[in-house]
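Novice: One file: structure-v5.txt (compact mmCIF, C-alpha atoms).
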```txt
# COMPACT_ATOMS: atom_id res chain seq x y z
CA MET Q 1 -9.81 5.23 10.85
CA ASN Q 2 -6.29 4.32 9.72
CA ALA Q 3 -3.81 6.48 7.81
CA MET Q 4 -4.65 5.32 4.29
CA GLU Q 5 -8.38 5.80 4.92
CA LYS Q 6 -7.64 9.40 5.89
CA VAL Q 7 -5.61 9.79 2.69
CA ALA Q 8 -8.57 8.44 0.69
CA TRP Q 9 -10.96 10.89 2.36
CA THR Q 10 -8.49 13.72 1.65
CA GLU Q 11 -8.33 12.81 -2.06
CA LEU Q 12 -12.11 12.52 -2.32
CA LEU Q 13 -12.88 15.76 -0.50
CA VAL Q 14 -10.18 17.82 -2.24
CA SER Q 15 -11.38 16.61 -5.67
CA VAL Q 16 -15.03 17.37 -4.91
CA VAL Q 17 -14.17 20.82 -3.50
CA ALA Q 18 -11.94 21.65 -6.51
CA VAL Q 19 -14.61 20.66 -9.06
CA ALA Q 20 -17.37 22.41 -7.08
CA THR Q 21 -15.29 25.60 -6.76
CA ALA Q 22 -14.34 25.64 -10.45
CA THR Q 23 -17.91 25.10 -11.66
CA SER Q 24 -19.40 27.60 -9.21
CA LEU Q 25 -16.91 30.29 -10.28
CA TYR Q 26 -17.51 29.66 -14.00
CA PRO Q 27 -20.50 32.07 -14.35
CA TRP Q 28 -18.32 34.96 -13.08
CA LEU Q 29 -14.83 34.10 -14.30
CA GLY Q 30 -15.53 32.06 -17.43
CA ASN Q 31 -12.66 29.81 -18.47
CA GLN Q 32 -10.39 31.41 -15.86
CA ALA Q 33 -12.42 29.53 -13.25
CA ALA Q 34 -10.32 26.49 -14.17
CA SER Q 35 -7.57 28.03 -12.03
CA ALA Q 36 -9.62 26.77 -9.03
CA PHE Q 37 -8.20 23.35 -9.89
CA ALA Q 38 -5.02 24.59 -8.20
CA LEU Q 39 -6.83 23.41 -5.07
CA MET Q 40 -5.90 19.91 -6.22
CA ALA Q 41 -2.46 20.60 -4.79
CA LEU Q 42 -4.07 20.00 -1.39
CA VAL Q 43 -4.08 16.23 -2.07
CA THR Q 44 -0.42 16.30 -1.04
CA LEU Q 45 -1.67 16.99 2.52
CA GLY Q 46 -2.52 13.29 2.64
CA ALA Q 47 1.19 12.61 3.13
CA VAL Q 48 0.87 14.07 6.63
CA PHE Q 49 -1.11 10.99 7.68
CA LEU Q 50 1.62 8.64 6.43
CA ARG Q 51 4.35 9.87 8.78
CA ARG Q 52 5.96 7.03 10.70
CA ARG Q 53 5.37 7.15 14.46
CA GLY Q 54 8.01 4.98 16.07
CA ASN Q 55 7.61 1.31 15.21
CA VAL Q 56 3.86 1.55 14.57
CA VAL Q 57 2.82 0.08 11.22
CA VAL Q 58 1.15 2.85 9.22
CA VAL Q 59 0.46 1.09 5.90
CA ASP Q 60 0.07 -2.66 5.52
CA GLU Q 61 -0.86 -5.20 2.84
CA ARG Q 62 -4.62 -4.55 3.13
CA ASP Q 63 -4.07 -0.81 2.55
CA ARG Q 64 -1.86 -1.52 -0.45
CA GLN Q 65 -4.46 -3.95 -1.84
CA ILE Q 66 -7.24 -1.36 -1.50
CA ALA Q 67 -5.03 1.40 -2.98
CA THR Q 68 -4.15 -0.79 -5.98
CA ALA Q 69 -7.79 -1.65 -6.66
CA ALA Q 70 -8.81 2.01 -6.28
CA THR Q 71 -6.06 3.21 -8.63
CA ARG Q 72 -7.00 0.60 -11.22
CA THR Q 73 -10.66 1.64 -11.12
CA ALA Q 74 -9.80 5.35 -11.22
CA THR Q 75 -7.44 4.95 -14.19
CA ALA Q 76 -9.97 2.89 -16.14
CA THR Q 77 -12.73 5.41 -15.39
CA ALA Q 78 -10.54 8.32 -16.46
CA TRP Q 79 -9.54 6.64 -19.72
CA MET Q 80 -13.14 5.71 -20.57
CA SER Q 81 -14.48 9.17 -19.77
CA LEU Q 82 -11.64 10.77 -21.76
CA LEU Q 83 -12.49 8.64 -24.80
CA VAL Q 84 -16.20 9.42 -24.49
CA VAL Q 85 -15.62 13.18 -24.12
CA LEU Q 86 -13.17 13.25 -27.05
CA ALA Q 87 -15.56 11.22 -29.22
CA VAL Q 88 -18.47 13.55 -28.42
CA ALA Q 89 -16.27 16.64 -28.97
CA SER Q 90 -15.12 15.25 -32.29
CA LEU Q 91 -18.68 14.50 -33.44
CA TRP Q 92 -19.89 17.91 -32.24
CA SER Q 93 -17.05 19.73 -34.02
CA ASN Q 94 -17.77 17.89 -37.27
CA TYR Q 95 -21.49 18.55 -36.94
CA ARG Q 96 -20.86 22.28 -36.53
CA GLU Q 97 -18.13 22.18 -39.20
CA GLN Q 98 -15.59 23.60 -36.76
CA HIS Q 99 -12.57 21.43 -37.31
CA ALA Q 100 -10.77 22.41 -34.12
CA VAL Q 101 -11.42 22.51 -30.39
CA SER Q 102 -10.40 25.42 -28.19
CA THR Q 103 -7.45 25.22 -25.82
CA ALA Q 104 -9.84 26.33 -23.07
CA PHE Q 105 -11.84 23.15 -23.68
CA LEU Q 106 -8.66 21.05 -23.49
CA ASN Q 107 -7.66 22.88 -20.31
CA TRP Q 108 -10.99 22.01 -18.65
CA LEU Q 109 -10.76 18.46 -19.93
CA ILE Q 110 -7.26 17.86 -18.53
CA TRP Q 111 -8.04 19.32 -15.12
CA THR Q 112 -11.38 17.56 -14.86
CA GLN Q 113 -9.67 14.26 -15.65
CA PHE Q 114 -7.06 15.01 -13.00
CA ALA Q 115 -9.78 15.65 -10.41
CA LEU Q 116 -11.71 12.60 -11.62
CA ILE Q 117 -8.76 10.27 -11.07
CA PHE Q 118 -8.23 11.41 -7.48
CA GLY Q 119 -11.98 11.62 -6.79
CA VAL Q 120 -12.72 8.11 -8.02
CA ARG Q 121 -9.60 6.73 -6.35
CA GLY Q 122 -10.64 8.27 -3.03
CA PHE Q 123 -14.26 7.18 -3.41
CA VAL Q 124 -13.42 3.54 -4.24
CA ALA Q 125 -10.97 3.35 -1.32
CA VAL Q 126 -13.43 4.94 1.13
CA VAL Q 127 -16.17 2.49 0.06
CA ALA Q 128 -13.75 -0.45 0.43
CA TYR Q 129 -12.81 0.63 3.96
CA ARG Q 130 -16.45 1.30 4.93
CA ARG Q 131 -17.49 -2.19 3.82
CA GLN Q 132 -15.13 -3.81 6.30
CA PRO Q 133 -15.71 -3.96 10.05
CA HIS Q 134 -14.14 -1.06 11.90
CA ALA Q 135 -11.97 -0.88 14.93
CA ALA Q 136 -13.47 1.16 17.72
CA MET D 137 -10.85 -7.96 -1.69
CA PRO D 138 -12.55 -11.32 -2.19
CA ARG D 139 -15.50 -11.26 -4.58
CA LYS D 140 -18.77 -12.73 -3.35
CA SER D 141 -18.50 -15.70 -5.72
CA GLU D 142 -14.95 -16.53 -4.60
CA PRO D 143 -14.29 -18.91 -1.72
CA THR D 144 -13.34 -17.10 1.47
CA LEU D 145 -11.28 -18.00 4.50
CA SER D 146 -12.80 -18.32 7.91
CA ASN D 147 -10.49 -18.24 10.90
CA CYS D 148 -10.30 -18.74 14.64
CA VAL D 149 -7.91 -15.86 15.32
CA ARG D 150 -10.22 -14.26 17.88
CA LYS D 151 -10.50 -17.53 19.84
CA LEU D 152 -6.76 -18.15 19.71
CA ARG D 153 -6.08 -14.61 20.83
CA ALA D 154 -8.38 -15.03 23.82
CA GLN D 155 -6.51 -18.22 24.77
CA GLN D 156 -3.22 -16.32 24.88
CA GLN D 157 -3.94 -14.60 28.23
CA GLY D 158 -5.96 -11.84 26.59
CA MET D 159 -3.65 -10.91 23.75
CA THR D 160 -5.09 -7.70 22.31
CA GLN D 161 -5.67 -7.01 18.62
CA GLN D 162 -2.92 -4.39 18.80
CA ASP D 163 -0.48 -6.94 20.31
CA LEU D 164 -1.16 -9.36 17.47
CA ALA D 165 -0.98 -6.57 14.87
CA ASP D 166 2.42 -5.48 16.22
CA ARG D 167 3.74 -9.04 16.20
CA VAL D 168 2.72 -9.78 12.60
CA GLY D 169 3.43 -6.29 11.22
CA VAL D 170 0.01 -4.98 10.22
CA THR D 171 -2.39 -2.34 11.51
CA ARG D 172 -5.01 -3.14 14.14
CA GLN D 173 -7.72 -2.39 11.57
CA THR D 174 -6.46 -5.29 9.46
CA ILE D 175 -6.78 -7.67 12.43
CA VAL D 176 -10.32 -6.35 13.00
CA ALA D 177 -11.22 -6.94 9.34
CA LEU D 178 -9.58 -10.36 9.38
CA GLU D 179 -11.40 -11.50 12.53
CA GLY D 180 -14.67 -10.22 11.07
CA GLY D 181 -14.11 -12.36 7.97
CA ALA D 182 -14.04 -9.30 5.72
CA TYR D 183 -10.41 -9.61 4.74
CA THR D 184 -8.53 -12.56 3.26
CA PRO D 185 -4.88 -12.31 4.32
CA SER D 186 -1.92 -12.93 2.07
CA LEU D 187 -0.10 -16.23 2.43
CA ALA D 188 2.78 -14.48 4.19
CA LEU D 189 0.45 -12.86 6.75
CA ALA D 190 -1.43 -16.14 7.30
CA LEU D 191 1.88 -17.90 7.99
CA ARG D 192 3.02 -15.17 10.37
CA ILE D 193 -0.26 -15.35 12.30
CA ALA D 194 -0.12 -19.15 12.49
CA ARG D 195 3.49 -18.98 13.69
CA THR D 196 2.54 -16.45 16.38
CA PHE D 197 0.02 -18.92 17.81
CA LYS D 198 2.39 -21.89 17.25
CA LYS D 199 -0.19 -23.56 14.99
CA THR D 200 -0.27 -24.67 11.38
CA THR D 201 -2.08 -22.42 8.90
CA ASP D 202 -4.94 -24.90 8.42
CA GLN D 203 -5.50 -24.94 12.18
CA VAL D 204 -6.04 -21.19 12.05
CA PHE D 205 -7.63 -20.68 8.63
CA GLN D 206 -10.30 -22.79 6.95
CA LEU D 207 -11.47 -22.53 3.36
CA ASP D 208 -15.25 -21.89 3.01
CA GLU D 209 -16.42 -23.22 -0.34
```
How does this structure look as structure tokens?
Specialist:
Amino acid sequence: MNAMEKVAWTELLVSVVAVATATSLYPWLGNQAASAFALMALVTLGAVFLRRRGNVVVVDERDRQIATAATRTATATAWMSLLVVLAVASLWSNYREQHAVSTAFLNWLIWTQFALIFGVRGFVAVVAYRRQPHAA
Amino acid sequence: MPRKSEPTLSNCVRKLRAQQQGMTQQDLADRVGVTRQTIVALEGGAYTPSLALALRIARTFKKTTDQVFQLDE
């Protein structure tokens, strides 16, 4: 497993853990459970794998190609899901004649999107690496 | 990543490496400036290299690019 694959796994696992923690704490903490998204800061740990070790190549063109494709997919997914959620929220608010959404809702939406971007990015990259033959 | 409908490149990098007194994948990776995993993917036909990498690999083996890489259509 090379450095960028480890970074992808880190992004995927941190995102899944952050979302799982936030949703599992929701019954007890309510909207304050969104503070569990602070776990997303752990994605910066991925930088540990990118340290240069002498003259060894850590990231090459294949890694950059996979990272670009993963980022493109993650960004598109996040934009589409954001539009869908906002459209549904808008329709729901009109239906209930509440012409505003709560800041708590926006807080959850922003953090979920943040986790979604890193989660999808990590997932797409992990799948791309898994599909290629692996060095022993 | 090449899509299934796109033409892919086959190559004889593994054979050429074996002819070079057992040049390892890591040796080749170091010479052309990529990771060993990229050489593994390239030899397995799962990765299509950039033009620059293809030229560097061909130059390492003192061959032309079309002696190393062939287009599968």
Novice: If I take CA of Leu86 in chain Q and CA of Ala74 in chain Q, how far is one from the other in Å, to one decimal?
Specialist: 18.0 Å
Novice: Residues of chain Q no more than 10 Å from chain D, counting only C-alpha atoms: send them over as a list in words.
Specialist: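 Contact residues on the first chain: Met1, Asn2, Ala3, Asn55, Val56, Val57, Val58, Val59, Asp60, Glu61, Arg62, Asp63, Gln65, Ile66, Ala69, Ala128, Tyr129, Arg131, Gln132, Pro133, His134, Ala135 and Ala136 of chain Q.
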Novice: Limited to C-alpha atoms, could you put the picked residues into a file as a compact mmCIF listing (two decimals), in the coordinates of the input?
Specialist:
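Final output, saved to again01.txt:
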```
# COMPACT_ATOMS: atom_id res chain seq x y z
CA MET Q 1 -9.81 5.23 10.85
CA ASN Q 2 -6.29 4.32 9.72
CA ALA Q 3 -3.81 6.48 7.81
CA ASN Q 55 7.61 1.31 15.21
CA VAL Q 56 3.86 1.55 14.57
CA VAL Q 57 2.82 0.08 11.22
CA VAL Q 58 1.15 2.85 9.22
CA VAL Q 59 0.46 1.09 5.90
CA ASP Q 60 0.07 -2.66 5.52
CA GLU Q 61 -0.86 -5.20 2.84
CA ARG Q 62 -4.62 -4.55 3.13
CA ASP Q 63 -4.07 -0.81 2.55
CA GLN Q 65 -4.46 -3.95 -1.84
CA ILE Q 66 -7.24 -1.36 -1.50
CA ALA Q 69 -7.79 -1.65 -6.66
CA ALA Q 128 -13.75 -0.45 0.43
CA TYR Q 129 -12.81 0.63 3.96
CA ARG Q 131 -17.49 -2.19 3.82
CA GLN Q 132 -15.13 -3.81 6.30
CA PRO Q 133 -15.71 -3.96 10.05
CA HIS Q 134 -14.14 -1.06 11.90
CA ALA Q 135 -11.97 -0.88 14.93
CA ALA Q 136 -13.47 1.16 17.72
```
Novice: Would you list the residues near (-7.6, -21.7, 8.2), meaning any protein, DNA or RNA residue with an atom at most 10 Å from that point in file coordinates, counting all atoms listed in the file, as a list of chain:residue names?
Specialist: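 Residues lying no farther than 10 Å from the given point: D:Thr144, D:Leu145, D:Ser146, D:Asn147, D:Cys148, D:Val149, D:Ala190, D:Ala194, D:Thr200, D:Thr201, D:Asp202, D:Gln203, D:Val204, D:Phe205, D:Gln206, D:Leu207, D:Asp208.
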Novice: I'd like the interatomic distance between CA of Trp92 in chain Q and CA of Ile110 in chain Q, to a tenth of an Å.
Specialist: 18.6 Å
Novice: In Å, how far is it from CA of Arg64 in chain Q to CA of Met4 in chain Q?
Specialist: 8.8 Å
Novice: Hey, which of D:Phe197, D:Arg192, D:Leu187, D:Pro143 ends up closest to Gln157 in chain D? Count all atoms listed in the file.
Specialist: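 Of all the options, D:Phe197 lies closest to Gln157 in chain D.
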Novice: Residues near Val126 in chain Q, anyone? I mean within 9 Å using only C-alpha atoms, not counting same-chain ones fewer than 5 positions away, as a PyMOL selection string.
Specialist: chain Q and resi 5-6+8-9+12+121+131
Novice: Those residues with C-alpha atoms, as a compact mmCIF listing (two decimals), in the frame of the given file please?
Specialist:
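What follows is the written file selection.txt:
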```
# COMPACT_ATOMS: atom_id res chain seq x y z
CA GLU Q 5 -8.38 5.80 4.92
CA LYS Q 6 -7.64 9.40 5.89
CA ALA Q 8 -8.57 8.44 0.69
CA TRP Q 9 -10.96 10.89 2.36
CA LEU Q 12 -12.11 12.52 -2.32
CA ARG Q 121 -9.60 6.73 -6.35
CA ARG Q 131 -17.49 -2.19 3.82
```
Novice: Need the shell around Leu83 in chain Q: protein/DNA/RNA residues with any atom at most 12 Å away, counting only C-alpha atoms. Skip same-chain ones fewer than 6 positions apart. Format as a PyMOL selection string?
Specialist: chain Q and resi 76-77+89-90+109+113
Novice: Keeping only C-alpha atoms, write the selected residues to a file as a PDB file, in the coordinates of the input.
Specialist:
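So out-v8.pdb came out as:
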```
ATOM      1  CA  ALA Q  76      -9.970   2.890 -16.140  1.00  0.00           C
ATOM      2  CA  THR Q  77     -12.730   5.410 -15.390  1.00  0.00           C
ATOM      3  CA  ALA Q  89     -16.270  16.640 -28.970  1.00  0.00           C
ATOM      4  CA  SER Q  90     -15.120  15.250 -32.290  1.00  0.00           C
ATOM      5  CA  LEU Q 109     -10.760  18.460 -19.930  1.00  0.00           C
ATOM      6  CA  GLN Q 113      -9.670  14.260 -15.650  1.00  0.00           C
TER       7      GLN Q 113
END
```
Novice: Quick one: residues within 6 Å of Ala22 in chain Q, all atoms listed in the file, excluding same-chain residues fewer than 5 positions away - as number ranges by chain?
Specialist: Q: 33-34, 36
Novice: Generate N, CA and C atoms for range 22-43 of chain Q and emit them as an mmCIF file, keeping the file's coordinate frame.
Specialist:
```cif
data_model
loop_
_atom_site.group_PDB
_atom_site.id
_atom_site.type_symbol
_atom_site.label_atom_id
_atom_site.label_comp_id
_atom_site.auth_asym_id
_atom_site.auth_seq_id
_atom_site.Cartn_x
_atom_site.Cartn_y
_atom_site.Cartn_z
ATOM 1 N N ALA Q 22 -14.543 25.255 -9.045
ATOM 2 C CA ALA Q 22 -14.340 25.640 -10.450
ATOM 3 C C ALA Q 22 -15.671 25.874 -11.166
ATOM 4 N N THR Q 23 -16.628 24.952 -10.964
ATOM 5 C CA THR Q 23 -17.910 25.100 -11.660
ATOM 6 C C THR Q 23 -18.736 26.255 -11.093
ATOM 7 N N SER Q 24 -18.614 26.494 -9.784
ATOM 8 C CA SER Q 24 -19.400 27.600 -9.210
ATOM 9 C C SER Q 24 -18.822 28.969 -9.589
ATOM 10 N N LEU Q 25 -17.523 29.004 -9.873
ATOM 11 C CA LEU Q 25 -16.910 30.290 -10.280
ATOM 12 C C LEU Q 25 -17.073 30.563 -11.773
ATOM 13 N N TYR Q 26 -17.445 29.528 -12.529
ATOM 14 C CA TYR Q 26 -17.510 29.660 -14.000
ATOM 15 C C TYR Q 26 -18.436 30.803 -14.470
ATOM 16 N N PRO Q 27 -19.620 30.969 -13.870
ATOM 17 C CA PRO Q 27 -20.500 32.070 -14.350
ATOM 18 C C PRO Q 27 -19.846 33.450 -14.234
ATOM 19 N N TRP Q 28 -18.955 33.644 -13.272
ATOM 20 C CA TRP Q 28 -18.320 34.960 -13.080
ATOM 21 C C TRP Q 28 -16.974 35.079 -13.805
ATOM 22 N N LEU Q 29 -16.194 34.019 -13.768
ATOM 23 C CA LEU Q 29 -14.830 34.100 -14.300
ATOM 24 C C LEU Q 29 -14.669 33.468 -15.682
ATOM 25 N N GLY Q 30 -15.667 32.744 -16.130
ATOM 26 C CA GLY Q 30 -15.530 32.060 -17.430
ATOM 27 C C GLY Q 30 -14.454 30.985 -17.355
ATOM 28 N N ASN Q 31 -13.677 30.860 -18.416
ATOM 29 C CA ASN Q 31 -12.660 29.810 -18.470
ATOM 30 C C ASN Q 31 -11.553 29.975 -17.421
ATOM 31 N N GLN Q 32 -11.405 31.196 -16.905
ATOM 32 C CA GLN Q 32 -10.390 31.410 -15.860
ATOM 33 C C GLN Q 32 -10.745 30.683 -14.559
ATOM 34 N N ALA Q 33 -12.003 30.264 -14.460
ATOM 35 C CA ALA Q 33 -12.420 29.530 -13.250
ATOM 36 C C ALA Q 33 -11.665 28.214 -13.117
ATOM 37 N N ALA Q 34 -11.091 27.749 -14.220
ATOM 38 C CA ALA Q 34 -10.320 26.490 -14.170
ATOM 39 C C ALA Q 34 -9.107 26.620 -13.246
ATOM 40 N N SER Q 35 -8.711 27.851 -12.946
ATOM 41 C CA SER Q 35 -7.570 28.030 -12.030
ATOM 42 C C SER Q 35 -7.913 27.516 -10.626
ATOM 43 N N ALA Q 36 -9.218 27.332 -10.343
ATOM 44 C CA ALA Q 36 -9.620 26.770 -9.030
ATOM 45 C C ALA Q 36 -9.103 25.345 -8.868
ATOM 46 N N PHE Q 37 -8.741 24.716 -9.986
ATOM 47 C CA PHE Q 37 -8.200 23.350 -9.890
ATOM 48 C C PHE Q 37 -6.817 23.342 -9.209
ATOM 49 N N ALA Q 38 -6.270 24.522 -8.980
ATOM 50 C CA ALA Q 38 -5.020 24.590 -8.200
ATOM 51 C C ALA Q 38 -5.225 24.021 -6.795
ATOM 52 N N LEU Q 39 -6.511 24.006 -6.378
ATOM 53 C CA LEU Q 39 -6.830 23.410 -5.070
ATOM 54 C C LEU Q 39 -6.434 21.940 -5.013
ATOM 55 N N MET Q 40 -6.287 21.329 -6.188
ATOM 56 C CA MET Q 40 -5.900 19.910 -6.220
ATOM 57 C C MET Q 40 -4.536 19.684 -5.564
ATOM 58 N N ALA Q 41 -3.760 20.743 -5.454
ATOM 59 C CA ALA Q 41 -2.460 20.600 -4.790
ATOM 60 C C ALA Q 41 -2.616 20.149 -3.334
ATOM 61 N N LEU Q 42 -3.829 20.384 -2.790
ATOM 62 C CA LEU Q 42 -4.070 20.000 -1.390
ATOM 63 C C LEU Q 42 -4.060 18.487 -1.181
ATOM 64 N N VAL Q 43 -4.138 17.703 -2.267
ATOM 65 C CA VAL Q 43 -4.080 16.230 -2.070
ATOM 66 C C VAL Q 43 -2.745 15.812 -1.462
#
```
